[in-house]
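To be precise, the following lines are target-v4.cif, and they hold mmCIF, C-alpha atoms.
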data_protein
loop_
_atom_site.label_atom_id
_atom_site.label_comp_id
_atom_site.auth_asym_id
_atom_site.auth_seq_id
_atom_site.Cartn_x
_atom_site.Cartn_y
_atom_site.Cartn_z
CA MET D 1 7.74 20.27 -19.43
CA SER D 2 7.75 17.58 -22.11
CA ALA D 3 5.10 17.38 -24.82
CA PRO D 4 2.02 15.28 -23.97
CA ASP D 5 2.63 11.63 -24.85
CA PRO D 6 0.01 9.16 -23.52
CA ILE D 7 1.93 6.17 -24.87
CA ALA D 8 4.88 7.16 -22.64
CA LEU D 9 2.55 6.65 -19.66
CA VAL D 10 1.50 3.22 -20.96
CA GLU D 11 5.16 2.24 -21.44
CA ALA D 12 6.00 3.40 -17.92
CA ALA D 13 3.08 1.38 -16.53
CA TYR D 14 4.47 -1.90 -17.88
CA ASP D 15 8.04 -1.10 -16.88
CA SER D 16 9.67 -3.27 -14.20
CA ALA D 17 10.99 -0.39 -12.05
CA PRO D 18 10.72 -0.97 -8.26
CA GLY D 19 7.66 0.29 -6.34
CA ASP D 20 8.27 3.96 -5.52
CA GLN D 21 10.26 4.56 -8.70
CA TRP D 22 7.49 2.95 -10.74
CA MET D 23 4.91 5.30 -9.25
CA ARG D 24 7.24 8.28 -9.68
CA ASN D 25 7.70 7.41 -13.37
CA LEU D 26 3.92 7.27 -13.81
CA LEU D 27 3.47 10.65 -12.16
CA GLU D 28 6.17 12.29 -14.26
CA ARG D 29 4.34 11.15 -17.39
CA THR D 30 0.92 12.04 -16.04
CA GLN D 31 1.54 15.74 -15.43
CA PRO D 32 2.01 16.79 -19.09
CA LEU D 33 -1.24 15.01 -20.01
CA VAL D 34 -3.48 17.13 -17.75
CA PRO D 35 -3.93 20.82 -18.67
CA GLY D 36 -3.04 23.15 -15.81
CA SER D 37 -1.39 20.44 -13.71
CA THR D 38 1.05 21.76 -11.08
CA ALA D 39 1.80 18.66 -8.96
CA THR D 40 0.94 14.98 -9.01
CA GLY D 41 0.23 12.15 -6.62
CA CYS D 42 -0.99 8.57 -6.53
CA TYR D 43 -2.08 5.87 -4.10
CA THR D 44 -3.07 2.23 -4.31
CA LEU D 45 -6.70 1.46 -3.67
CA GLU D 46 -8.75 -1.61 -2.82
CA MET D 47 -12.51 -1.31 -3.34
CA SER D 48 -13.64 -4.89 -2.62
CA ASN D 49 -15.81 -3.26 0.05
CA PRO D 50 -16.97 0.07 -1.48
CA SER D 51 -18.11 1.37 1.92
CA ALA D 52 -14.60 0.92 3.36
CA PRO D 53 -11.94 1.59 0.67
CA LYS D 54 -8.37 0.76 1.66
CA LEU D 55 -5.73 3.35 0.70
CA THR D 56 -1.99 2.61 0.84
CA SER D 57 1.37 3.33 -0.80
CA ALA D 58 0.90 7.02 -1.51
CA LEU D 59 3.48 9.14 -3.33
CA THR D 60 3.48 12.78 -4.46
CA VAL D 61 5.75 14.75 -6.79
CA GLY D 62 6.13 18.52 -6.74
CA MET D 63 4.67 19.13 -3.26
CA PRO D 64 6.32 20.32 -0.02
CA PRO D 65 7.46 17.87 2.69
CA GLY D 66 4.60 16.48 4.72
CA PHE D 67 1.98 16.94 1.99
CA THR D 68 1.69 13.21 1.25
CA ASP D 69 0.71 12.42 4.84
CA ARG D 70 -1.80 15.28 4.86
CA TRP D 71 -3.29 14.03 1.61
CA LEU D 72 -3.70 10.47 2.89
CA ASP D 73 -5.21 11.80 6.11
CA SER D 74 -7.72 13.89 4.16
CA LEU D 75 -8.70 10.86 2.10
CA VAL D 76 -9.20 8.70 5.20
CA ARG D 77 -11.30 11.39 6.93
CA SER D 78 -13.55 11.95 3.94
CA ASP D 79 -17.07 10.56 3.71
CA PRO D 80 -16.83 7.15 1.94
CA GLY D 81 -20.00 8.00 0.03
CA VAL D 82 -18.37 11.06 -1.48
CA HIS D 83 -15.41 9.04 -2.67
CA ALA D 84 -17.62 6.24 -3.96
CA LYS D 85 -19.21 8.82 -6.25
CA ALA D 86 -15.79 9.83 -7.56
CA TYR D 87 -14.51 6.27 -7.99
CA ALA D 88 -17.70 5.27 -9.81
CA ARG D 89 -16.95 7.93 -12.38
CA LYS D 90 -13.34 6.68 -12.74
CA VAL D 91 -12.09 9.91 -14.39
CA GLY D 92 -12.96 13.46 -13.43
CA THR D 93 -12.17 16.69 -11.60
CA LEU D 94 -13.40 17.87 -8.23
CA SER D 95 -14.99 20.93 -9.84
CA ASP D 96 -17.01 18.70 -12.19
CA LEU D 97 -18.11 16.49 -9.27
CA THR D 98 -19.18 19.43 -7.09
CA GLY D 99 -20.58 21.83 -9.67
CA GLY D 100 -17.62 24.15 -9.19
CA PHE D 101 -17.60 24.12 -5.38
CA VAL D 102 -14.36 22.17 -4.85
CA SER D 103 -14.33 22.71 -1.09
CA ALA D 104 -17.69 20.87 -0.92
CA PHE D 105 -15.70 17.65 -1.49
CA GLY D 106 -14.73 17.65 2.18
CA PRO D 107 -11.16 17.41 3.50
CA VAL D 108 -9.74 16.53 0.08
CA GLY D 109 -11.46 19.55 -1.47
CA ASP D 110 -10.13 21.80 1.28
CA LEU D 111 -6.59 20.56 0.65
CA ALA D 112 -6.96 21.02 -3.11
CA THR D 113 -8.07 24.64 -2.74
CA GLU D 114 -5.27 25.33 -0.26
CA TYR D 115 -2.67 24.44 -2.91
CA GLY D 116 -4.55 25.15 -6.14
CA ALA D 117 -7.94 25.69 -7.75
CA ASP D 118 -9.04 22.15 -8.63
CA ALA D 119 -7.85 18.55 -8.81
CA PHE D 120 -7.96 15.86 -11.50
CA TYR D 121 -8.10 12.13 -10.81
CA CYS D 122 -8.06 8.84 -12.71
CA ALA D 123 -9.16 5.81 -10.69
CA ALA D 124 -7.37 3.00 -12.53
CA ILE D 125 -9.40 0.22 -10.90
CA ASP D 126 -9.70 -3.25 -12.41
CA ALA D 127 -12.54 -5.79 -12.32
CA GLU D 128 -11.26 -7.06 -8.95
CA GLY D 129 -11.88 -3.62 -7.46
CA ARG D 130 -8.17 -2.88 -6.96
CA GLY D 131 -5.66 -0.59 -8.61
CA LEU D 132 -4.06 2.83 -8.48
CA VAL D 133 -5.48 6.35 -8.34
CA LEU D 134 -3.52 9.03 -10.23
CA ALA D 135 -4.23 12.64 -9.29
CA THR D 136 -2.97 16.12 -10.09
CA LEU D 137 -3.46 19.52 -8.51
CA LEU D 138 -4.65 22.13 -11.00
CA SER D 139 -3.91 25.84 -11.24
CA ARG D 140 -7.40 26.52 -12.61
CA PRO D 141 -10.77 24.71 -12.73
CA LEU D 142 -10.86 22.10 -15.46
CA HIS D 143 -13.88 20.73 -17.29
CA LEU D 144 -12.96 17.51 -19.06
CA SER D 145 -14.09 17.11 -22.64
CA ARG D 146 -15.63 13.80 -23.63
CA GLY D 147 -12.53 12.97 -25.66
CA LEU D 148 -10.12 13.66 -22.81
CA ARG D 149 -12.25 11.66 -20.38
CA MET D 150 -12.29 8.69 -22.75
CA ARG D 151 -8.53 8.94 -23.32
CA TRP D 152 -7.92 8.78 -19.59
CA SER D 153 -10.37 5.89 -19.22
CA LEU D 154 -8.27 3.89 -21.68
CA LEU D 155 -5.03 4.93 -19.97
CA GLY D 156 -6.56 3.84 -16.68
CA ALA D 157 -7.23 0.39 -18.14
CA HIS D 158 -3.50 0.00 -18.83
CA VAL D 159 -2.42 1.29 -15.41
CA ALA D 160 -4.89 -1.09 -13.73
CA ALA D 161 -3.61 -4.06 -15.75
CA ALA D 162 0.00 -3.15 -14.99
CA GLU D 163 -0.69 -2.74 -11.28
CA ARG D 164 -2.37 -6.17 -11.27
CA LEU D 165 0.77 -7.66 -12.80
CA ARG D 166 2.85 -6.12 -10.04
CA ARG D 167 0.70 -7.33 -7.15
CA ARG D 168 0.84 -10.84 -8.61
CA ALA D 169 4.61 -10.70 -8.97
CA HIS D 170 5.09 -13.08 -6.03
CA GLU D 171 3.22 -15.75 -7.98
CA ARG D 172 4.93 -17.78 -10.69
CA PRO D 173 4.41 -15.77 -13.92
CA ARG D 174 2.44 -17.62 -16.59
CA ASP D 175 4.20 -16.58 -19.78
CA GLU D 176 2.33 -18.61 -22.35
CA CYS D 177 3.82 -17.15 -25.52
CA VAL D 178 7.13 -15.63 -26.63
CA LEU D 179 7.21 -13.59 -29.82
CA SER D 180 9.91 -11.77 -31.75
CA ALA D 181 9.76 -8.02 -32.25
CA GLY D 182 8.16 -8.60 -35.65
CA GLY D 183 5.36 -10.73 -34.20
CA ARG D 184 6.74 -14.17 -35.04
CA VAL D 185 5.71 -16.77 -32.47
CA GLU D 186 8.85 -18.38 -31.02
CA HIS D 187 7.13 -20.46 -28.34
CA ALA D 188 3.54 -21.03 -27.24
CA GLU D 189 1.92 -23.20 -24.60
CA GLY D 190 -1.37 -23.51 -22.75
CA GLU D 191 -4.23 -21.55 -24.31
CA ALA D 192 -1.72 -19.56 -26.38
CA ALA D 193 -0.88 -22.71 -28.35
CA ASP D 194 -4.22 -22.53 -30.14
CA ALA D 195 -3.82 -21.28 -33.73
CA THR D 196 -6.42 -18.54 -33.30
CA ALA D 197 -4.77 -17.35 -30.08
CA ARG D 198 -1.33 -17.29 -31.71
CA GLU D 199 -2.64 -15.19 -34.58
CA GLY D 200 -4.35 -12.81 -32.15
CA LEU D 201 -1.14 -12.41 -30.17
CA ARG D 202 0.90 -11.88 -33.33
CA ALA D 203 -1.49 -9.16 -34.50
CA ALA D 204 -1.45 -7.54 -31.04
CA VAL D 205 2.37 -7.37 -31.01
CA VAL D 206 2.42 -5.76 -34.47
CA ALA D 207 -0.28 -3.25 -33.42
CA ARG D 208 1.53 -2.48 -30.15
CA ASP D 209 4.80 -1.78 -31.93
CA LYS D 210 3.01 0.42 -34.45
CA ALA D 211 1.44 2.42 -31.59
CA ARG D 212 4.94 3.14 -30.27
CA THR D 213 6.28 4.61 -33.51
CA ARG D 214 6.83 8.37 -33.67
CA ALA D 215 4.31 8.82 -36.48
CA VAL D 216 1.45 7.04 -34.71
CA ARG D 217 2.05 8.09 -31.10
CA SER D 218 1.67 11.71 -32.25
CA ASP D 219 -2.03 10.81 -32.61
CA PRO D 220 -2.79 9.59 -29.06
CA ASP D 221 -6.25 8.25 -29.79
CA GLN D 222 -5.04 6.15 -32.72
CA ALA D 223 -2.11 4.85 -30.69
CA LEU D 224 -4.32 3.88 -27.73
CA ALA D 225 -6.78 2.16 -30.06
CA LEU D 226 -3.95 -0.04 -31.32
CA TRP D 227 -2.53 -0.94 -27.88
CA ARG D 228 -5.38 -2.51 -25.93
CA GLY D 229 -5.55 -3.26 -22.22
CA LEU D 230 -5.46 -7.05 -22.65
CA VAL D 231 -5.19 -9.47 -25.56
CA ALA D 232 -8.25 -11.72 -25.89
CA GLY D 233 -9.14 -10.99 -22.28
CA ARG D 234 -6.16 -13.02 -21.03
CA TRP D 235 -2.69 -11.69 -21.78
CA SER D 236 -0.61 -8.60 -21.13
CA LEU D 237 2.34 -8.04 -23.46
CA LEU D 238 5.71 -7.30 -21.89
CA ASP D 239 9.11 -6.56 -23.41
CA ARG D 240 11.97 -8.86 -22.52
CA PHE D 241 15.56 -8.23 -23.53
CA GLU D 242 18.13 -10.99 -23.88
CA SER D 243 21.83 -10.61 -23.00
CA ASP D 244 22.67 -10.04 -26.66
CA GLY D 245 20.27 -7.10 -26.81
CA ARG D 246 17.54 -8.82 -28.81
CA ARG D 247 14.00 -7.86 -27.82
CA TYR D 248 11.24 -10.40 -27.37
CA ILE D 249 7.65 -9.93 -26.25
CA VAL D 250 6.10 -12.29 -23.73
CA ALA D 251 2.36 -12.81 -23.34
CA ARG D 252 1.70 -13.15 -19.61
CA ARG D 253 -1.62 -14.33 -18.21
CA ASN D 254 -3.16 -11.36 -16.43
CA GLU D 255 -6.94 -11.64 -16.54
CA PRO D 256 -8.79 -10.14 -13.55
CA ASP D 257 -10.56 -12.64 -11.32
CA PRO D 258 -13.45 -10.93 -9.48
CA ARG D 259 -15.24 -12.60 -6.59
CA ASN D 260 -17.98 -14.99 -7.66
CA PRO D 261 -21.01 -14.94 -5.32
CA LEU D 262 -23.45 -15.60 -8.18
CA ALA D 263 -21.80 -18.65 -9.79
CA LEU D 264 -21.00 -16.77 -13.00
CA THR D 265 -18.32 -17.60 -15.55
CA LEU D 266 -15.03 -15.69 -15.38
CA ARG D 267 -15.89 -13.53 -18.40
CA GLU D 268 -19.35 -12.77 -16.98
CA ARG D 269 -17.79 -11.71 -13.67
CA GLN D 270 -15.28 -9.49 -15.45
CA VAL D 271 -17.93 -7.72 -17.54
CA LEU D 272 -20.31 -7.40 -14.59
CA SER D 273 -17.61 -5.83 -12.42
CA HIS D 274 -16.73 -3.22 -15.04
CA LEU D 275 -20.37 -2.32 -15.64
CA ILE D 276 -21.28 -1.88 -11.98
CA GLN D 277 -18.14 0.30 -11.62
CA GLY D 278 -19.75 2.57 -14.20
CA ASP D 279 -17.54 1.79 -17.20
CA ALA D 280 -18.97 2.31 -20.66
CA MET D 281 -19.16 -0.74 -22.96
CA LYS D 282 -16.20 0.63 -24.97
CA VAL D 283 -14.02 1.05 -21.87
CA ALA D 284 -14.95 -2.37 -20.46
CA GLY D 285 -14.15 -4.02 -23.79
CA TYR D 286 -10.85 -2.14 -24.09
CA ALA D 287 -9.78 -3.17 -20.58
CA LEU D 288 -10.66 -6.81 -21.22
CA GLY D 289 -9.35 -7.00 -24.77
CA ILE D 290 -12.73 -7.83 -26.31
CA GLY D 291 -15.06 -5.82 -28.52
CA PRO D 292 -17.85 -3.55 -27.21
CA SER D 293 -20.38 -5.75 -29.02
CA ALA D 294 -19.14 -8.76 -27.05
CA VAL D 295 -19.54 -6.78 -23.81
CA SER D 296 -23.08 -5.82 -24.83
CA THR D 297 -23.97 -9.44 -25.60
CA ILE D 298 -22.61 -10.65 -22.25
CA ALA D 299 -24.42 -7.85 -20.41
CA LYS D 300 -27.74 -8.77 -22.01
CA SER D 301 -27.12 -12.43 -21.20
CA LEU D 302 -26.42 -11.53 -17.56
CA LEU D 303 -29.67 -9.61 -17.26
CA LEU D 304 -31.63 -12.56 -18.63
CA LYS D 305 -29.70 -15.14 -16.62
CA LEU D 306 -30.23 -13.32 -13.33
CA GLY D 307 -33.70 -11.99 -14.05
CA MET D 308 -32.66 -8.35 -13.78
CA ARG D 309 -33.80 -5.32 -15.78
CA SER D 310 -30.78 -3.02 -15.50
CA VAL D 311 -27.15 -2.78 -14.45
CA THR D 312 -28.36 -0.94 -11.32
CA ASP D 313 -30.41 -4.01 -10.40
CA LEU D 314 -27.34 -6.20 -11.01
CA ALA D 315 -25.23 -4.03 -8.73
CA ALA D 316 -27.83 -4.31 -5.96
CA LEU D 317 -27.92 -8.09 -6.39
CA VAL D 318 -24.12 -8.35 -6.19
CA ALA D 319 -24.05 -6.21 -3.05
CA ALA D 320 -26.79 -8.29 -1.40
CA SER D 321 -24.96 -11.53 -2.20
CA GLY D 322 -21.67 -10.32 -0.69
CA GLY D 323 -19.84 -9.60 -3.96
#
Go through the file and emit its structure as structure tokens.
Amino acid sequence: MSAPDPIALVEAAYDSAPGDQWMRNLLERTQPLVPGSTATGCYTLEMSNPSAPKLTSALTVGMPPGFTDRWLDSLVRSDPGVHAKAYARKVGTLSDLTGGFVSAFGPVGDLATEYGADAFYCAAIDAEGRGLVLATLLSRPLHLSRGLRMRWSLLGAHVAAAERLRRRAHERPRDECVLSAGGRVEHAEGEAADATAREGLRAAVVARDKARTRAVRSDPDQALALWRGLVAGRWSLLDRFESDGRRYIVARRNEPDPRNPLALTLRERQVLSHLIQGDAMKVAGYALGIGPSAVSTIAKSLLLKLGMRSVTDLAALVAASGG
């Protein structure tokens, strides 16, 4: 098994491999990152209606024939409320969710204990309520440290952004900036033409390349801090290679666009969606490419604007309004 390398998972997320191979690449890079992992699996998820999540496109690696169908069946038969609890936490293990009684998680827990002792999951769900769930079977119960949980929360932000790029692939890509490997802007249009935006993109390319160096990627937390989920809440950075082998980086528009039952601005909807999904300010800011202080300011503004006292009240208001 290869040494743990979280940046390898981020690189695989933004790779252009076709569907099943893309998921397989993610799973191969997930297993070394979870202590005690024996097999991996993933499925796409839509949570626009939390009481009726839609699960599709499942894939497993390291399990016997027929396991994938059994896994999907166990997910479908499980109590939606039980899964809502897990998805709200975004990153966890079944033993942590159940106080050590994995089988109490219903059909999924029964399947996990049939093939192992526990299961880990990362619900890489974006502000639109859609994304990919990565999971591993574990040979022993695992309690996640705060640091490991945060690391996976940041990895989940990248996987969610990459999955959003893929499901929008049928649309015409909006590549608003092309930069050289050193961060020089070769072309910019739209909002990327603004001088401040160009400088932000240049700095993001330099930071991203630094995160991928051998010296920095050996410190996963430093590397992930450098390579954020979005740039300025708008752009994902993607490598593009020309026929002569030269590498360029394109900045593609990829901001999430949550439903808008409350007539909020796009940024307000993005922040609100992350907060009612249970994301910490740091994780929400990382996923959106803005600072935690900006998330805090927007959250306070939302509470005042909508006359609410807490994020729980906001979540109830969104649910009542059909969001």
Exercise for review: Apply the PyMOL selection byres ((chain D and resi 100-104) around 10) to the displayed file and report the matching residues as JSON, numbers by chain.
Suggested key: {"D": [82, 93, 94, 95, 96, 97, 98, 99, 105, 106, 107, 108, 109, 110, 111, 112, 113, 114, 117, 118, 119, 141, 142, 143]}
Practice item. Can you work out the spacing between CA of Gly182 (chain D) and CA of Gly245 (chain D) in Å, to one decimal? Key: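 Separation of CA of Gly182 (chain D) and CA of Gly245 (chain D): 15.1 Å.
Across the model, the gap from CA of Ala284 (chain D) to CA of Gly200 (chain D) is 18.9 Å.
Of the residues under consideration (D:Ala193, D:Ala127, D:Leu132, D:Ala215), D:Ala127 shows the shortest atom-to-atom contact distance to Pro258 (chain D) when counting all atoms listed in the file.
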Practice item. Step by step, work through what the PyMOL selection byres ((chain D and resi 84) around 10) selects in the shown file, and finish by giving those residues as a ChimeraX atom specification. Key: /D:47,50-53,79-83,85-90,277
**Study point:** 6 Å contact set for Gly289 (chain D), all atoms listed in the file, chain neighbours under 4 positions out, as a PyMOL selection string
**Key:** chain D and resi 229-233+285
**Study point:** Among the residues D:Arg164, D:Arg140, D:Arg309, D:Arg252, the one that comes closest to Ala124 (chain D) [using only C-alpha atoms]
**Key:**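 So, comparing all the options, the nearest one is D:Arg164.
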Give me the region 178-226 of chain D side of the contact with region 2-11 of chain D, cut-off 10 Å, one line per residue showing its nearest atom pair and distance in Å at one decimal, counting only C-alpha atoms, sorted by chain and residue number, as JSON lines.
{"residue": "D:Ala211", "atom": "CA", "partner": "D:Ile7", "partner_atom": "CA", "distance": 7.7}
{"residue": "D:Arg212", "atom": "CA", "partner": "D:Ile7", "partner_atom": "CA", "distance": 6.9}
{"residue": "D:Thr213", "atom": "CA", "partner": "D:Ile7", "partner_atom": "CA", "distance": 9.8}
{"residue": "D:Val216", "atom": "CA", "partner": "D:Ile7", "partner_atom": "CA", "distance": 9.9}
{"residue": "D:Arg217", "atom": "CA", "partner": "D:Ile7", "partner_atom": "CA", "distance": 6.5}
{"residue": "D:Ser218", "atom": "CA", "partner": "D:Asp5", "partner_atom": "CA", "distance": 7.5}
{"residue": "D:Asp219", "atom": "CA", "partner": "D:Asp5", "partner_atom": "CA", "distance": 9.1}
{"residue": "D:Pro220", "atom": "CA", "partner": "D:Pro6", "partner_atom": "CA", "distance": 6.2}
{"residue": "D:Asp221", "atom": "CA", "partner": "D:Pro6", "partner_atom": "CA", "distance": 8.9}
{"residue": "D:Ala223", "atom": "CA", "partner": "D:Ile7", "partner_atom": "CA", "distance": 7.2}
{"residue": "D:Leu224", "atom": "CA", "partner": "D:Ile7", "partner_atom": "CA", "distance": 7.2}
Point to revise | Explicit residue set for the PyMOL selection byres ((chain D and resi 288) around 12), as number ranges by chain | key: D: 126-127, 154, 157-158, 160-161, 228-236, 254-257, 266-274, 279, 281-287, 289-292, 294-295
Revision key, fill the gap. Of D:Val250, D:Glu199, D:Arg259, D:Ala12, the one sitting nearest Asn49 (chain D) when using all atoms listed in the file is D:Arg259
**Study point:** Gap from CA of Ala280 (chain D) to CA of Lys54 (chain D) - Å, one decimal
**Key:**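 Separation of CA of Ala280 (chain D) and CA of Lys54 (chain D): 24.8 Å.
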Review point. Looking at D:Arg149, D:Arg214, D:Arg77, D:Arg174, which one is nearest to Gly92 (chain D), with distances taken over all atoms listed in the file?
Key: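 Using all atoms listed in the file, the shortest distance to Gly92 (chain D) belongs to D:Arg149.
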**Study point:** Counting all atoms listed in the file, the option among D:Leu137, D:Phe120, D:Ser48, D:Ser78 closest to Met63 (chain D)
**Key:**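 The shortest atom-to-atom distance to Met63 (chain D) comes from D:Leu137.
Nearest residue to Ser180 (chain D), choosing from D:Ala123, D:Leu237, D:Leu55, D:Ala13 and counting only C-alpha atoms: D:Leu237.
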Exercise for review: Excluding His187 (chain D) and any residue of its chain fewer than 4 positions from it, enumerate the residues within 9 Å of it, using only C-alpha atoms, and give them as a list of chain:residue names.
Suggested key: D:Glu176, D:Cys177, D:Val178, D:Leu179, D:Ala193
C-alpha atoms of the current selection, written as a PDB file, keeping the file's coordinate frame:
ATOM      1  CA  GLU D 176       2.330 -18.610 -22.350  1.00  0.00           C
ATOM      2  CA  CYS D 177       3.820 -17.150 -25.520  1.00  0.00           C
ATOM      3  CA  VAL D 178       7.130 -15.630 -26.630  1.00  0.00           C
ATOM      4  CA  LEU D 179       7.210 -13.590 -29.820  1.00  0.00           C
ATOM      5  CA  ALA D 193      -0.880 -22.710 -28.350  1.00  0.00           C
TER       6      ALA D 193
END
Exercise for review: Skip Val133 (chain D) itself and residues of its chain fewer than 5 positions away, then list as a PyMOL selection string all residues within 8 Å of it, counting all atoms listed in the file.
Suggested key: chain D and resi 42-45+121-125
